[in-house]
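File shown: data.cif. Contents: mmCIF, C-alpha atoms.
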```
data_work
#
loop_
_atom_site.label_atom_id
_atom_site.label_comp_id
_atom_site.auth_asym_id
_atom_site.auth_seq_id
_atom_site.Cartn_x
_atom_site.Cartn_y
_atom_site.Cartn_z
CA MET A 1231 61.70 -10.48 4.35
CA PRO A 1232 61.66 -11.78 0.75
CA LYS A 1233 62.58 -9.02 -1.68
CA THR A 1234 62.69 -10.93 -4.97
CA LEU A 1235 60.60 -13.64 -6.62
CA PHE A 1236 63.41 -16.15 -6.01
CA GLN A 1237 63.57 -15.24 -2.31
CA ASN A 1238 59.79 -15.48 -2.04
CA ILE A 1239 59.83 -18.97 -3.57
CA ILE A 1240 62.58 -20.13 -1.18
CA PHE A 1241 60.86 -18.58 1.84
CA THR A 1242 57.50 -20.13 0.96
CA LEU A 1243 59.04 -23.55 0.31
CA MET A 1244 60.78 -23.51 3.69
CA MET A 1245 57.76 -22.22 5.60
CA ALA A 1246 55.37 -24.65 3.91
CA PHE A 1247 57.72 -27.57 4.59
CA LEU A 1248 58.06 -26.96 8.31
CA MET A 1249 54.41 -26.02 8.85
CA VAL A 1250 53.13 -29.05 6.94
CA TYR A 1251 55.58 -31.42 8.60
CA GLY A 1252 54.63 -30.20 12.08
CA MET A 1253 50.92 -30.39 11.34
CA ILE A 1254 51.18 -33.87 9.83
CA CYS A 1255 53.09 -35.11 12.90
CA TYR A 1256 50.39 -33.57 15.09
CA ASN A 1257 47.54 -35.20 13.14
CA ILE A 1258 49.22 -38.61 13.06
CA SER A 1259 49.74 -38.36 16.83
CA LEU A 1260 46.05 -37.59 17.28
CA ASN A 1261 45.08 -40.53 15.06
CA ILE A 1262 47.29 -43.10 16.82
CA GLY A 1263 46.62 -41.83 20.33
CA GLY A 1264 49.93 -40.19 21.14
CA MET A 1265 53.37 -39.17 19.99
CA SER A 1266 56.06 -41.72 19.23
CA THR A 1267 59.36 -41.67 17.39
CA ALA A 1268 57.74 -43.50 14.46
CA VAL A 1269 55.46 -40.48 13.86
CA PHE A 1270 58.42 -38.44 12.57
CA LEU A 1271 59.04 -41.00 9.81
CA MET A 1272 55.37 -41.70 9.07
CA ALA A 1273 54.85 -38.00 8.38
CA PHE A 1274 57.03 -38.14 5.26
CA HIS A 1275 54.45 -40.35 3.49
CA GLU A 1276 51.93 -37.51 3.57
CA MET A 1277 54.55 -34.81 2.96
CA VAL A 1278 54.96 -35.76 -0.69
CA ILE A 1279 51.34 -34.73 -1.26
CA MET A 1280 50.69 -32.02 1.30
CA TRP A 1281 53.89 -29.96 0.97
CA PRO A 1282 53.46 -29.19 -2.75
CA VAL A 1283 49.75 -28.48 -2.20
CA ALA A 1284 50.52 -26.07 0.65
CA PHE A 1285 53.27 -24.36 -1.34
CA LEU A 1286 51.06 -23.83 -4.41
CA LEU A 1287 48.11 -22.56 -2.37
CA GLU A 1288 50.27 -20.22 -0.32
CA PHE A 1289 52.33 -18.91 -3.21
CA PHE A 1290 49.54 -18.30 -5.73
CA PHE A 1291 46.49 -17.47 -3.61
CA VAL A 1292 46.78 -17.25 0.15
CA ASP A 1293 49.73 -14.84 0.45
CA LYS A 1294 48.00 -12.08 -1.51
CA LEU A 1295 44.69 -12.58 0.30
CA ALA A 1296 46.40 -12.69 3.72
CA HIS A 1297 48.24 -9.43 3.00
CA PHE A 1298 45.00 -7.80 1.90
CA LEU A 1299 43.21 -8.92 5.08
CA ALA A 1300 46.13 -8.09 7.38
CA PHE A 1301 46.36 -4.53 6.07
CA ARG A 1302 42.74 -4.02 7.02
CA ILE A 1303 43.96 -4.41 10.62
CA VAL A 1304 47.47 -2.90 10.51
CA THR A 1305 49.06 -0.14 8.46
CA PRO A 1306 52.47 0.00 6.77
CA GLN A 1307 53.48 2.52 9.46
CA ASP A 1308 52.94 -0.01 12.28
CA ARG A 1309 55.88 -1.78 13.88
CA PRO A 1310 57.15 -4.63 11.66
CA VAL A 1311 56.45 -7.24 14.34
CA PHE A 1312 52.74 -6.33 14.33
CA ILE A 1313 52.61 -6.49 10.55
CA THR A 1314 54.30 -9.90 10.58
CA LEU A 1315 51.90 -11.20 13.24
CA ALA A 1316 48.85 -9.88 11.38
CA ILE A 1317 49.94 -11.49 8.11
CA SER A 1318 50.80 -14.77 9.87
CA ALA A 1319 47.43 -14.83 11.64
CA MET A 1320 45.58 -14.26 8.37
CA ILE A 1321 47.56 -17.02 6.65
CA ILE A 1322 46.63 -19.41 9.47
CA CYS A 1323 42.96 -18.39 9.25
CA ILE A 1324 42.94 -19.24 5.54
CA MET A 1325 45.34 -22.19 5.31
CA CYS A 1326 44.08 -24.17 8.32
CA PRO A 1327 40.54 -24.80 7.00
CA VAL A 1328 41.76 -25.30 3.43
CA MET A 1329 44.52 -27.77 4.32
CA SER A 1330 42.19 -29.54 6.76
CA PHE A 1331 39.67 -29.86 3.92
CA ILE A 1332 42.29 -31.39 1.63
CA ALA A 1333 43.55 -33.73 4.38
CA THR A 1334 39.97 -34.81 5.11
CA ILE A 1335 39.45 -35.69 1.45
CA LEU A 1336 42.76 -37.53 1.09
CA PHE A 1337 43.30 -39.22 4.45
CA LYS A 1338 40.16 -39.34 6.61
CA ASN A 1339 37.73 -41.62 4.70
CA ALA A 1340 34.89 -39.49 6.09
CA GLY A 1341 32.16 -40.64 3.71
CA SER A 1342 28.75 -39.18 4.53
CA GLU A 1343 30.21 -37.49 7.63
CA PHE A 1344 32.61 -35.40 5.53
CA VAL A 1345 31.49 -31.96 6.72
CA ALA A 1346 31.54 -32.98 10.39
CA VAL A 1347 34.97 -34.63 10.06
CA TRP A 1348 36.35 -31.61 8.20
CA LEU A 1349 35.03 -29.18 10.83
CA GLN A 1350 36.42 -31.33 13.64
CA THR A 1351 39.78 -31.57 11.87
CA THR A 1352 39.86 -27.79 11.42
CA VAL A 1353 38.96 -27.13 15.06
CA PHE A 1354 41.62 -29.56 16.28
CA ASN A 1355 44.24 -28.16 13.89
CA PHE A 1356 43.67 -24.45 14.41
CA PRO A 1357 45.24 -24.03 17.89
CA MET A 1358 48.23 -26.15 16.89
CA ALA A 1359 48.67 -24.28 13.60
CA PHE A 1360 48.43 -20.94 15.40
CA PHE A 1361 50.96 -21.67 18.12
CA TRP A 1362 53.29 -23.65 15.84
CA GLN A 1363 53.37 -20.77 13.33
CA ILE A 1364 53.51 -17.80 15.70
CA PHE A 1365 55.96 -19.11 18.29
CA TYR A 1366 58.15 -21.73 16.60
CA CYS A 1367 57.95 -22.32 12.86
CA GLY A 1368 57.60 -18.68 11.78
CA PRO A 1369 60.46 -17.27 13.88
CA PHE A 1370 62.71 -20.23 13.05
CA ILE A 1371 62.17 -20.00 9.29
CA ARG A 1372 62.61 -16.20 9.34
CA LEU A 1373 65.91 -16.69 11.21
CA ILE A 1374 67.12 -19.21 8.64
CA PHE A 1375 65.94 -16.97 5.80
CA ARG A 1376 67.72 -13.90 7.24
CA THR A 1377 70.89 -15.99 7.65
CA ILE A 1378 70.80 -17.22 4.05
CA PHE A 1379 69.84 -13.87 2.50
CA ARG A 1380 71.81 -11.36 4.55
CA GLU A 1381 71.31 -7.80 3.38
CA LYS A 1382 74.47 -6.04 2.31
CA LYS A 1383 75.17 -2.85 4.23
#
```
How would this structure read if it were set down as C-alpha cells?
Amino acid sequence: MPKTLFQNIIFTLMMAFLMVYGMICYNISLNIGGMSTAVFLMAFHEMVIMWPVAFLLEFFFVDKLAHFLAFRIVTPQDRPVFITLAISAMIICIMCPVMSFIATILFKNAGSEFVAVWLQTTVFNFPMAFFWQIFYCGPFIRLIFRTIFREKK
C-alpha cells in the first residue's frame, strides 16, 4: 500500500472521506427514521467538520496505534490479507468510539445524558463501521489507490 509520505496522505484522505461520508449517511438515516435521497446531500454539511477531524486523527495517532495493536495479533510473515484485516479491525476499534464521541459532542445535544448517548452512538455505529470498512470502503479505496499508484515492474 502507501510507500511514501505523499502516498500515505492521499490514501488516508481517500479512506477518511469515504468512511466518514458513509457513516454520516448512516447516522442521518437513523436520526430521520430511514434512508432517502436527501440524506446523500445532507451528509455534506457534517463532512466539512468530520472529514478533516478523521483525517488528522487517523494520520497522526490512530494509524501508528492500530499497527502496533495489529502486530500483536499477526506477524509480518502472515499473508497480506490477514495483516490488512487486522490493521483495519484495529482502526475501527479505535476510530469508531472516538468519532462517535466527537459526533455526540457536535451533533447530538446530549446534555446530562452525554455518556449514555455516546455509548449508544458507538454501539449503533460499530457494526456499520466494521462492515462498511471491511467489505466495501476498504477494498474500494485500495483498488483506487492501486490504480493511481501502479508499481513499476
Closest atom pairs, residues of segment 1266-1334 of chain A within 10 Å of segment 1361-1382 of chain A, only C-alpha atoms, as a tab-separated table:
```
residue	atom	partner	partner_atom	distance
A:Thr1314	CA	A:Ile1364	CA	9.4
A:Leu1315	CA	A:Ile1364	CA	7.2
A:Ser1318	CA	A:Ile1364	CA	7.1
A:Ala1319	CA	A:Ile1364	CA	7.9
A:Ile1321	CA	A:Gln1363	CA	9.6
A:Ile1322	CA	A:Gln1363	CA	7.9
```
Practice item. Translate the PyMOL selection byres ((chain A and resi 1279) around 12), as applied to the file shown, into an explicit residue set as JSON, numbers by chain. Key: {"A": [1247, 1250, 1251, 1254, 1273, 1274, 1275, 1276, 1277, 1278, 1280, 1281, 1282, 1283, 1284, 1285, 1286, 1329, 1332, 1333, 1336, 1337]}
Practice item. Report as a list in words the full result of the PyMOL selection byres ((chain A and resi 1355) around 8) when it is applied to this structure. Key: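 With the PyMOL selection byres ((chain A and resi 1355) around 8) on this model, the match is Met1253, Asn1257, Cys1326, Ser1330, Thr1351, Thr1352, Val1353, Phe1354, Phe1356, Pro1357, Met1358 and Ala1359 of chain A.
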For the residues in the current selection, export C-alpha atoms as a short mmCIF file (atom, residue, chain, number, x, y, z; two decimals), in the frame of the given file.
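See selection-v7.cif below for the written result:
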```cif
data_model
loop_
_atom_site.label_atom_id
_atom_site.label_comp_id
_atom_site.auth_asym_id
_atom_site.auth_seq_id
_atom_site.Cartn_x
_atom_site.Cartn_y
_atom_site.Cartn_z
CA MET A 1253 50.92 -30.39 11.34
CA ASN A 1257 47.54 -35.20 13.14
CA CYS A 1326 44.08 -24.17 8.32
CA SER A 1330 42.19 -29.54 6.76
CA THR A 1351 39.78 -31.57 11.87
CA THR A 1352 39.86 -27.79 11.42
CA VAL A 1353 38.96 -27.13 15.06
CA PHE A 1354 41.62 -29.56 16.28
CA PHE A 1356 43.67 -24.45 14.41
CA PRO A 1357 45.24 -24.03 17.89
CA MET A 1358 48.23 -26.15 16.89
CA ALA A 1359 48.67 -24.28 13.60
#
```
Exercise for review: For atom CA of Thr1242 of chain A and atom CA of His1297 of chain A, quote the distance in Å rounded to one decimal.
Suggested key: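 If I compute the distance from atom CA of Thr1242 of chain A to atom CA of His1297 of chain A, I get 14.3 Å.
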Review point. So what do you get for atom CA of Gln1350 of chain A versus atom CA of Cys1255 of chain A, distance-wise?
Key: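 One can read the atom CA of Gln1350 of chain A to atom CA of Cys1255 of chain A distance as 17.1 Å.
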Return segment 1336-1358 of chain A, completed with N, CA, C and O atoms, as a PDB file, keeping the file's coordinate frame.
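Below is the file that was written, selection12.pdb:
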```pdb
ATOM      1  N   LEU A1336      41.718 -36.565   1.438  1.00  0.00           N
ATOM      2  CA  LEU A1336      42.760 -37.530   1.090  1.00  0.00           C
ATOM      3  C   LEU A1336      42.986 -38.624   2.139  1.00  0.00           C
ATOM      4  O   LEU A1336      43.334 -39.755   1.774  1.00  0.00           O
ATOM      5  N   PHE A1337      42.823 -38.301   3.426  1.00  0.00           N
ATOM      6  CA  PHE A1337      43.300 -39.220   4.450  1.00  0.00           C
ATOM      7  C   PHE A1337      42.260 -39.673   5.477  1.00  0.00           C
ATOM      8  O   PHE A1337      42.535 -40.579   6.247  1.00  0.00           O
ATOM      9  N   LYS A1338      41.088 -39.065   5.506  1.00  0.00           N
ATOM     10  CA  LYS A1338      40.160 -39.340   6.610  1.00  0.00           C
ATOM     11  C   LYS A1338      39.075 -40.366   6.305  1.00  0.00           C
ATOM     12  O   LYS A1338      38.435 -40.848   7.229  1.00  0.00           O
ATOM     13  N   ASN A1339      38.814 -40.675   5.047  1.00  0.00           N
ATOM     14  CA  ASN A1339      37.730 -41.620   4.700  1.00  0.00           C
ATOM     15  C   ASN A1339      36.440 -41.266   5.440  1.00  0.00           C
ATOM     16  O   ASN A1339      35.832 -42.094   6.099  1.00  0.00           O
ATOM     17  N   ALA A1340      36.011 -40.018   5.308  1.00  0.00           N
ATOM     18  CA  ALA A1340      34.890 -39.490   6.090  1.00  0.00           C
ATOM     19  C   ALA A1340      33.529 -39.912   5.562  1.00  0.00           C
ATOM     20  O   ALA A1340      32.554 -39.921   6.312  1.00  0.00           O
ATOM     21  N   GLY A1341      33.432 -40.218   4.282  1.00  0.00           N
ATOM     22  CA  GLY A1341      32.160 -40.640   3.710  1.00  0.00           C
ATOM     23  C   GLY A1341      31.063 -39.615   3.887  1.00  0.00           C
ATOM     24  O   GLY A1341      31.251 -38.427   3.638  1.00  0.00           O
ATOM     25  N   SER A1342      29.905 -40.070   4.376  1.00  0.00           N
ATOM     26  CA  SER A1342      28.750 -39.180   4.530  1.00  0.00           C
ATOM     27  C   SER A1342      28.928 -38.185   5.671  1.00  0.00           C
ATOM     28  O   SER A1342      28.170 -37.226   5.783  1.00  0.00           O
ATOM     29  N   GLU A1343      29.924 -38.390   6.502  1.00  0.00           N
ATOM     30  CA  GLU A1343      30.210 -37.490   7.630  1.00  0.00           C
ATOM     31  C   GLU A1343      31.289 -36.462   7.271  1.00  0.00           C
ATOM     32  O   GLU A1343      31.915 -35.888   8.161  1.00  0.00           O
ATOM     33  N   PHE A1344      31.497 -36.235   5.983  1.00  0.00           N
ATOM     34  CA  PHE A1344      32.610 -35.400   5.530  1.00  0.00           C
ATOM     35  C   PHE A1344      32.634 -34.030   6.196  1.00  0.00           C
ATOM     36  O   PHE A1344      33.665 -33.594   6.710  1.00  0.00           O
ATOM     37  N   VAL A1345      31.510 -33.330   6.185  1.00  0.00           N
ATOM     38  CA  VAL A1345      31.490 -31.960   6.720  1.00  0.00           C
ATOM     39  C   VAL A1345      31.835 -31.976   8.212  1.00  0.00           C
ATOM     40  O   VAL A1345      32.639 -31.156   8.681  1.00  0.00           O
ATOM     41  N   ALA A1346      31.263 -32.901   8.947  1.00  0.00           N
ATOM     42  CA  ALA A1346      31.540 -32.980  10.390  1.00  0.00           C
ATOM     43  C   ALA A1346      33.010 -33.304  10.646  1.00  0.00           C
ATOM     44  O   ALA A1346      33.643 -32.706  11.529  1.00  0.00           O
ATOM     45  N   VAL A1347      33.557 -34.246   9.880  1.00  0.00           N
ATOM     46  CA  VAL A1347      34.970 -34.630  10.060  1.00  0.00           C
ATOM     47  C   VAL A1347      35.879 -33.467   9.687  1.00  0.00           C
ATOM     48  O   VAL A1347      36.864 -33.184  10.375  1.00  0.00           O
ATOM     49  N   TRP A1348      35.552 -32.769   8.602  1.00  0.00           N
ATOM     50  CA  TRP A1348      36.350 -31.610   8.200  1.00  0.00           C
ATOM     51  C   TRP A1348      36.317 -30.521   9.269  1.00  0.00           C
ATOM     52  O   TRP A1348      37.363 -29.960   9.626  1.00  0.00           O
ATOM     53  N   LEU A1349      35.129 -30.214   9.788  1.00  0.00           N
ATOM     54  CA  LEU A1349      35.030 -29.180  10.830  1.00  0.00           C
ATOM     55  C   LEU A1349      35.794 -29.601  12.082  1.00  0.00           C
ATOM     56  O   LEU A1349      36.506 -28.782  12.674  1.00  0.00           O
ATOM     57  N   GLN A1350      35.679 -30.854  12.472  1.00  0.00           N
ATOM     58  CA  GLN A1350      36.420 -31.330  13.640  1.00  0.00           C
ATOM     59  C   GLN A1350      37.925 -31.241  13.393  1.00  0.00           C
ATOM     60  O   GLN A1350      38.680 -30.794  14.265  1.00  0.00           O
ATOM     61  N   THR A1351      38.355 -31.642  12.220  1.00  0.00           N
ATOM     62  CA  THR A1351      39.780 -31.570  11.870  1.00  0.00           C
ATOM     63  C   THR A1351      40.269 -30.128  11.939  1.00  0.00           C
ATOM     64  O   THR A1351      41.339 -29.845  12.488  1.00  0.00           O
ATOM     65  N   THR A1352      39.481 -29.218  11.396  1.00  0.00           N
ATOM     66  CA  THR A1352      39.860 -27.790  11.420  1.00  0.00           C
ATOM     67  C   THR A1352      39.951 -27.278  12.844  1.00  0.00           C
ATOM     68  O   THR A1352      40.917 -26.595  13.205  1.00  0.00           O
ATOM     69  N   VAL A1353      38.968 -27.605  13.670  1.00  0.00           N
ATOM     70  CA  VAL A1353      38.960 -27.130  15.060  1.00  0.00           C
ATOM     71  C   VAL A1353      40.137 -27.715  15.840  1.00  0.00           C
ATOM     72  O   VAL A1353      40.771 -27.003  16.632  1.00  0.00           O
ATOM     73  N   PHE A1354      40.465 -28.972  15.612  1.00  0.00           N
ATOM     74  CA  PHE A1354      41.620 -29.560  16.280  1.00  0.00           C
ATOM     75  C   PHE A1354      42.932 -28.953  15.780  1.00  0.00           C
ATOM     76  O   PHE A1354      43.878 -28.777  16.543  1.00  0.00           O
ATOM     77  N   ASN A1355      43.004 -28.667  14.483  1.00  0.00           N
ATOM     78  CA  ASN A1355      44.240 -28.160  13.890  1.00  0.00           C
ATOM     79  C   ASN A1355      44.508 -26.693  14.176  1.00  0.00           C
ATOM     80  O   ASN A1355      45.664 -26.285  14.237  1.00  0.00           O
ATOM     81  N   PHE A1356      43.460 -25.897  14.317  1.00  0.00           N
ATOM     82  CA  PHE A1356      43.670 -24.450  14.410  1.00  0.00           C
ATOM     83  C   PHE A1356      44.575 -24.026  15.569  1.00  0.00           C
ATOM     84  O   PHE A1356      45.534 -23.267  15.344  1.00  0.00           O
ATOM     85  N   PRO A1357      44.333 -24.476  16.805  1.00  0.00           N
ATOM     86  CA  PRO A1357      45.240 -24.030  17.890  1.00  0.00           C
ATOM     87  C   PRO A1357      46.687 -24.453  17.650  1.00  0.00           C
ATOM     88  O   PRO A1357      47.613 -23.674  17.884  1.00  0.00           O
ATOM     89  N   MET A1358      46.872 -25.668  17.167  1.00  0.00           N
ATOM     90  CA  MET A1358      48.230 -26.150  16.890  1.00  0.00           C
ATOM     91  C   MET A1358      48.871 -25.311  15.788  1.00  0.00           C
ATOM     92  O   MET A1358      50.028 -24.890  15.910  1.00  0.00           O
TER      93      MET A1358
END
```
